[in-house]
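Worksheet: the structure to be examined is printed underneath.
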Number of protein chains: 4
Amino acid sequence: MLVDGVIGYKTHTGSKINQAACDLAKEVADEGGCLIAGGISQTPTYLSGKGKEAVQAEFRKQIQIFVANNVDFLLAEYYEHVEEVEWAIEVLKETGKPVAANMCIGPEGDMHGVSAGECAVRMAKAGADIVGINCHFDPFVCLEGMKKMKAALDKADLHPYLMVQPLAYMTPDAGKQGFIDLPEFPFALEPRVCSRWEIMKFAREAYEIGIRYIGGCCGFEPYHIRAISEELSKERGGFMPEGCQKHDMWGQGLRLHTKPWVRARARREYWENMKPASGRPFCPSCSKPDNWGVTAGDDMLKQKTEATTDEEIKQLAAK
Amino acid sequence: MLVDGVIGYKTHTGSKINQAACDLAKEVADEGGCLIAGGISQTPTYLSGKGKEAVQAEFRKQIQIFVANNVDFLLAEYYEHVEEVEWAIEVLKETGKPVAANMCIGPEGDMHGVSAGECAVRMAKAGADIVGINCHFDPFVCLEGMKKMKAALDKADLHPYLMVQPLAYMTPDAGKQGFIDLPEFPFALEPRVCSRWEIMKFAREAYEIGIRYIGGCCGFEPYHIRAISEELSKERGGFMPEGCQKHDMWGQGLRLHTKPWVRARARREYWENMKPASGRPFCPSCSKPDNWGVTAGDDMLKQKTEATTDEEIKQLAAK
Amino acid sequence: MLVDGVIGYKTHTGSKINQAACDLAKEVADEGGCLIAGGISQTPTYLSGKGKEAVQAEFRKQIQIFVANNVDFLLAEYYEHVEEVEWAIEVLKETGKPVAANMCIGPEGDMHGVSAGECAVRMAKAGADIVGINCHFDPFVCLEGMKKMKAALDKADLHPYLMVQPLAYMTPDAGKQGFIDLPEFPFALEPRVCSRWEIMKFAREAYEIGIRYIGGCCGFEPYHIRAISEELSKERGGFMPEGCQKHDMWGQGLRLHTKPWVRARARREYWENMKPASGRPFCPSCSKPDNWGVTAGDDMLKQKTEATTDEEIKQLAAK
Amino acid sequence: MLVDGVIGYKTHTGSKINQAACDLAKEVADEGGCLIAGGISQTPTYLSGKGKEAVQAEFRKQIQIFVANNVDFLLAEYYEHVEEVEWAIEVLKETGKPVAANMCIGPEGDMHGVSAGECAVRMAKAGADIVGINCHFDPFVCLEGMKKMKAALDKADLHPYLMVQPLAYMTPDAGKQGFIDLPEFPFALEPRVCSRWEIMKFAREAYEIGIRYIGGCCGFEPYHIRAISEELSKERGGFMPEGCQKHDMWGQGLRLHTKPWVRARARREYWENMKPASGRPFCPSCSKPDNWGVTAGDDMLKQKTEATTDEEIKQLAAK
């Protein structure tokens, strides 16, 4: 369900598709002793301003399949407005399952001007057992937001578990609204992809902040998740998953390379201090995000049932 | 076999591994009506200066399995010295199969100072039916090399087919020796990965130069290969492989996106003119390649049977 | 006097030097019908924590020469702490002269955590007739700070004149403390120097915010000041100073260039849309400022009478 | 006279202007015991294809004033075609004065395809006592060209003195034709200005190559020339010109700075390793030069007597 929200395409919610997804998830989870989450995300219904009752009705319909399949916990994620995620948490809590809730916001808070700290407090008060941030920003921008959430939660004497699932794309320039607005989204994001070393640094910093549910969103590849595992192996009692058997950490496999100057890279401090070049001398380092200044309630965001026409694309492009 | 050369690790050449590889290749090729190539690449034996007889003996041993499996054609690729690829072509020609030959060089030519044009002429004269460049440089640097090869071949009235299989990494800064020497090799190359639009541009330019075997080497993902297919669909009689059914070209799928400023990107000229930022404001755009000035014949490059020790790594790092 | 504060060297305040400065200023001002300001700036005395009485005594001593020379107005500028500039304004007001007051802060406010808006309100309440920002940040970062000042002043129903004198160096990466902390300060700032087009853009935006005292600080060259004049000529009744006679605006002089592609640059839209490259492919676009987290009151900042020794430099460099 | 060539404006050659220039030069030279050169540069006459006789006639006319003023030596500089500088050298030699000759070329050679090495040999054979490169490229690109000149001269057993006067702008991206073609020329070159440390590095490398006439062209400020003097003081018997008395080398003056992290920069290795950021995150590091592919003989380059019209600018801009 998450993917629908992230990519923004039409939703195919036939119960057959959802059942197939649950079956697949169960099969994979059983291989590794993992938990299964059923996830919902922000709705065009909310963006179109149809109100609490309509939005919650949609959430209730979506989670039937999760309840029928007895998933381990429920997840409300990729919300840009704290009001909508509160409505989602209320619905998820009706099931009696543990509830995790994430917003796709950065340190500047939600699209209606609510601060990141206040968002965390409201998610916790609405009943979320785990609160945090997912998508829209890079690992380090997300951690800036998480620090604000943690501080506000501590101040309010609220102590939910913390969770973070950032992009694997660098987005220091993504403004308040996140990477959707960057001109490179979604088909030229390659130069922004994080290295495994950047992800290890992220995992360490997340752990030190007190976050215990550390994952990834768009752009994460299996080797990025493996990097989290490796960085925090000691904290997990030395546990290393199967994927870690395929390689040596910190470039140790390079000891066998034919070129001596590549063998010289088989050491931790080399990769820890790496500032990778983009190899693109005619490109800038940062981009200016689109910033059309519209959010939930704006007519432009009302859900459309038809694909945009050529003429409309031309008009949009001219803005 | 290629991978052994590219990554530089110890070679596991047991006949069982090679037979399994042939079986897998045949299975996949049969699905799509493809040809199978058996490939060999440059040898530590050559770098260690053991001479023609020893090197050719090794090639002969390697190709037995290809002959036994009756592959469609043979490929000698990833050679840094034209002398060695000539020796390889001689051995491959003994089989009577069509022979393709690639060097991993750029416009500046091979490691012994032979120009790119002269390399092409010598590969053709040695008997290669297809000649070109693979690996080590980005698509556009490789095409610079291919133009020099084409010009020299034309001048010598030699007309082999042309072939190119570049990296999917941008490497304008890779010097004469290629991306191995870039400090980011091999574990921080992410910001250099080509977008699909860059690959489409490459495919078009390669075709216009007269190259008819257009592929990719390290860094290519399936969507990059698909981009080649899509760009040249018209030239192939409108043929579009299965992988192209999963998406709309030139970002047309974005017409359904919820944000109007993202819908505005559903057009060719948007992506064609994209100069993607790296999102890394504290990083440079280019890197200085290691340039230790050693090549075949140098003692440092003699094959070692043991992995580099900690002490040796420390000494190498101090260079 | 300003320069002492900006560069941070020992102050030579002998009355002869000050008298000579007044004489020079008067001579130049008379040439163009200009006003003369007498300026003071932040003191090591304040940074060393010696208290209001000691600091104001120093200010009183400094301004004697301005009063004796009957300057047109007084200027307190380059203050990092609003408390100190309030003390300065009090002293300057004792003279009965018009008083301008600037802080060298950005949008994040002063070094003790007072917001930019609150700083402006406190300067106005302390009696400054003109308030604003000078030095430490680039034109566009300074304008961000000025917008916050303007908003807070409007809200407090205070209406002093507004003033801005930014650096001519681009400093989007200068953090809260300004360009002193950038690693390039002060001897490698060249790539950050603004073009005349950037200064024209700044002048226009400053005017539109309502600022009527628009100038420049470190890095400004005569052609930068001329650019302000030219941009705002219409607003000043068409007045163009002598310096504008030496060239044609918007590159019109290029119409006579021998190369046709340079003649093609003789037009406003070319220069208005210029994004100049640094020509430094191995350098980053931004730097990480030093951020030692010390401000007035910290022992490290107490005034020293001796130059730093080699040993001390070594210790500082190791931090 | 040089400036006319560099900037490309109409030439004002009235003998009064030239006499005034000689008077000024003599006055300044006498202050410091310097030599005076009379310089000529490339002509629109050559670019317009009017032939040797017409071009040499123009040179003869230009140098009358130098002869009348008995300058110390003659300089032919800023030539893009070796043929034209040969004609210039012939004329200058007629005076019996020592003759220096520079071309504004890089390592790729002149605009008619003559290599840098061949250009040097031809200038020496034409009679130049000093040969080298000036303008068009940055210090390090010029030195690449000088190395090629030196190698070719050595091979031809020719031993003129060597001379280099690069830009003070970084131009790794200037292609074959030089900085005129960069989109930033001439009004947005600021981010390319060299630091004093870059100039010191240049001076050292130039000296080591064997160049003994080391200076600067467009973009050089007095502090850049001073940096050359300081770097090579030891080689000149410890001589330091007056301008060096105003500051301490290698940032030693920073020992008195109030901020300890700035005092930490008072050391040679800090500035020697500086990679200055441009502070322009939305700008590229390099630019694509205009490359219209026209040179002497092309109709587009024929001298025009009238300034380009608005309509012509529009047509040029549309190219």
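Labeling convention for the structure tokens: chains A, B, ... as they appear, residues from 1 per chain, ligands from 1 in order of appearance.
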> Can you list, as a PyMOL selection string, every residue of stretch 166-264 of chain D that DSSP puts in alpha helix (DSSP H)?
Replying inline: chain D and resi 196-209+222-231+260-263
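For stretch 35-43 of chain C, the list of residues within 8 Å, based on only C-alpha atoms and with local chain neighbours fewer than 2 positions off taken out, reads Met1, Leu2, Gly5, Ala25, Lys26, Ala29, Gly33, Thr45, Tyr46, Leu47, Val55, Phe59, Gln62, Ile63, Phe66, Val71, Asp72, Phe73, Leu74, Leu75, Ala76, Glu77, Tyr78, Tyr79, Glu80, Glu84 and Val85 of chain C.
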> If we count only C-alpha atoms, what is near stretch 287-296 of chain A at a cut-off of 6 Å, once residues fewer than 4 positions away on the same chain are taken out, given as a PyMOL selection string?
Replying inline: (chain A and resi 47+174+181-182) or (chain B and resi 277) or (chain D and resi 282)
Interface rows for chain D against chain A: nearest pair, Å to one decimal, 6 Å, only C-alpha atoms, as a tab-separated table:
residue	atom	partner	partner_atom	distance
D:Pro281	CA	A:Cys286	CA	5.4
D:Phe282	CA	A:Pro284	CA	5.0
D:Cys283	CA	A:Pro284	CA	4.7
D:Pro284	CA	A:Pro284	CA	4.2
D:Ser285	CA	A:Pro281	CA	5.4
D:Cys286	CA	A:Phe282	CA	5.2
D:Ser287	CA	A:Phe282	CA	5.9
>> List as an MDAnalysis selection string the protein and nucleic acid residues near stretch 260-268 of chain A, meaning an atom at most 12 Å away when only C-alpha atoms are counted, but skip any in the same chain fewer than 2 places from it.
In response: (chainID A and resid 197 200 248:258 270:274) or (chainID B and resid 7:9 179:188 289:295 298:304 307:319)
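Computed from the coordinates, the atom CA of B:Glu90 to atom CA of B:Gln19 distance equals 23.6 Å.
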> Neighbours of A:Ile228 within 10 Å (only C-alpha atoms; same-chain residues fewer than 6 positions away dropped), as an NGL selection string?
Replying inline: :A and (196-197 or 199-204 or 214-216)
Only N, CA, C and O atoms, please: the residues just picked out, written as an mmCIF file, in the first residue's frame.
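Result went into selection38.cif, see below:
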data_model
loop_
_atom_site.group_PDB
_atom_site.id
_atom_site.type_symbol
_atom_site.label_atom_id
_atom_site.label_comp_id
_atom_site.auth_asym_id
_atom_site.auth_seq_id
_atom_site.Cartn_x
_atom_site.Cartn_y
_atom_site.Cartn_z
ATOM 1 N N ARG A 196 27.096 2.735 0.871
ATOM 2 C CA ARG A 196 26.906 1.920 2.078
ATOM 3 C C ARG A 196 27.512 2.595 3.306
ATOM 4 O O ARG A 196 27.041 2.433 4.410
ATOM 5 N N TRP A 197 28.550 3.399 3.060
ATOM 6 C CA TRP A 197 29.228 4.053 4.187
ATOM 7 C C TRP A 197 28.365 5.149 4.773
ATOM 8 O O TRP A 197 28.368 5.378 5.990
ATOM 9 N N ILE A 199 25.172 5.038 4.770
ATOM 10 C CA ILE A 199 24.096 4.343 5.497
ATOM 11 C C ILE A 199 24.599 3.826 6.850
ATOM 12 O O ILE A 199 23.876 3.871 7.855
ATOM 13 N N MET A 200 25.839 3.359 6.899
ATOM 14 C CA MET A 200 26.383 2.902 8.186
ATOM 15 C C MET A 200 26.477 4.062 9.177
ATOM 16 O O MET A 200 26.157 3.919 10.356
ATOM 17 N N LYS A 201 26.905 5.198 8.674
ATOM 18 C CA LYS A 201 26.972 6.404 9.520
ATOM 19 C C LYS A 201 25.572 6.767 10.034
ATOM 20 O O LYS A 201 25.394 7.106 11.207
ATOM 21 N N PHE A 202 24.612 6.699 9.154
ATOM 22 C CA PHE A 202 23.222 6.967 9.535
ATOM 23 C C PHE A 202 22.757 6.002 10.626
ATOM 24 O O PHE A 202 22.169 6.408 11.637
ATOM 25 N N ALA A 203 23.028 4.706 10.427
ATOM 26 C CA ALA A 203 22.548 3.705 11.381
ATOM 27 C C ALA A 203 23.131 3.964 12.765
ATOM 28 O O ALA A 203 22.438 3.886 13.781
ATOM 29 N N ARG A 204 24.403 4.288 12.798
ATOM 30 C CA ARG A 204 25.059 4.564 14.084
ATOM 31 C C ARG A 204 24.432 5.781 14.762
ATOM 32 O O ARG A 204 24.100 5.759 15.936
ATOM 33 N N ILE A 214 15.068 0.926 12.821
ATOM 34 C CA ILE A 214 15.880 1.652 11.837
ATOM 35 C C ILE A 214 15.791 0.935 10.500
ATOM 36 O O ILE A 214 16.186 -0.233 10.399
ATOM 37 N N GLY A 215 15.232 1.569 9.517
ATOM 38 C CA GLY A 215 15.073 0.919 8.220
ATOM 39 C C GLY A 215 15.293 1.887 7.084
ATOM 40 O O GLY A 215 15.987 2.896 7.239
ATOM 41 N N GLY A 216 14.694 1.594 5.932
ATOM 42 C CA GLY A 216 14.873 2.447 4.765
ATOM 43 C C GLY A 216 13.631 2.486 3.907
ATOM 44 O O GLY A 216 12.794 1.586 3.971
#
Identify, with DSSP run on backbone atoms, the residues in stretch 28-247 of chain C assigned to strand (DSSP E), and express the list as a PDB file with C-alpha atoms, in the first residue's frame.
ATOM      1  CA  ALA C  37      29.730  58.647   9.323  1.00  0.00           C
ATOM      2  CA  GLY C  38      31.819  57.923  12.370  1.00  0.00           C
ATOM      3  CA  GLY C  39      31.695  54.226  13.146  1.00  0.00           C
ATOM      4  CA  ILE C  40      32.382  52.001  16.100  1.00  0.00           C
ATOM      5  CA  PHE C  73      25.897  60.699  11.636  1.00  0.00           C
ATOM      6  CA  LEU C  74      27.153  57.890  13.842  1.00  0.00           C
ATOM      7  CA  LEU C  75      27.229  54.225  13.072  1.00  0.00           C
ATOM      8  CA  ALA C  76      27.467  51.244  15.451  1.00  0.00           C
ATOM      9  CA  GLU C  77      28.139  48.210  13.306  1.00  0.00           C
ATOM     10  CA  TYR C  78      29.512  44.673  13.288  1.00  0.00           C
ATOM     11  CA  TYR C  79      27.975  43.555  16.585  1.00  0.00           C
ATOM     12  CA  VAL C  99      22.454  56.945  14.875  1.00  0.00           C
ATOM     13  CA  ALA C 100      22.582  53.905  12.613  1.00  0.00           C
ATOM     14  CA  ALA C 101      23.045  50.430  14.108  1.00  0.00           C
ATOM     15  CA  ASN C 102      23.930  47.162  12.380  1.00  0.00           C
ATOM     16  CA  MET C 103      24.519  43.676  13.630  1.00  0.00           C
ATOM     17  CA  ILE C 130      18.425  53.279  11.209  1.00  0.00           C
ATOM     18  CA  VAL C 131      18.738  49.539  11.918  1.00  0.00           C
ATOM     19  CA  GLY C 132      19.993  46.627   9.921  1.00  0.00           C
ATOM     20  CA  ILE C 133      22.643  44.063   9.163  1.00  0.00           C
ATOM     21  CA  ASN C 134      26.213  44.289   7.906  1.00  0.00           C
ATOM     22  CA  TYR C 161      14.909  53.258   8.495  1.00  0.00           C
ATOM     23  CA  LEU C 162      16.353  49.964   7.277  1.00  0.00           C
ATOM     24  CA  MET C 163      19.960  49.395   6.252  1.00  0.00           C
ATOM     25  CA  VAL C 164      21.932  46.504   4.800  1.00  0.00           C
ATOM     26  CA  GLN C 165      25.631  46.126   3.984  1.00  0.00           C
ATOM     27  CA  TYR C 213      20.305  52.368   2.920  1.00  0.00           C
ATOM     28  CA  ILE C 214      21.824  49.750   0.628  1.00  0.00           C
TER      29      ILE C 214
END
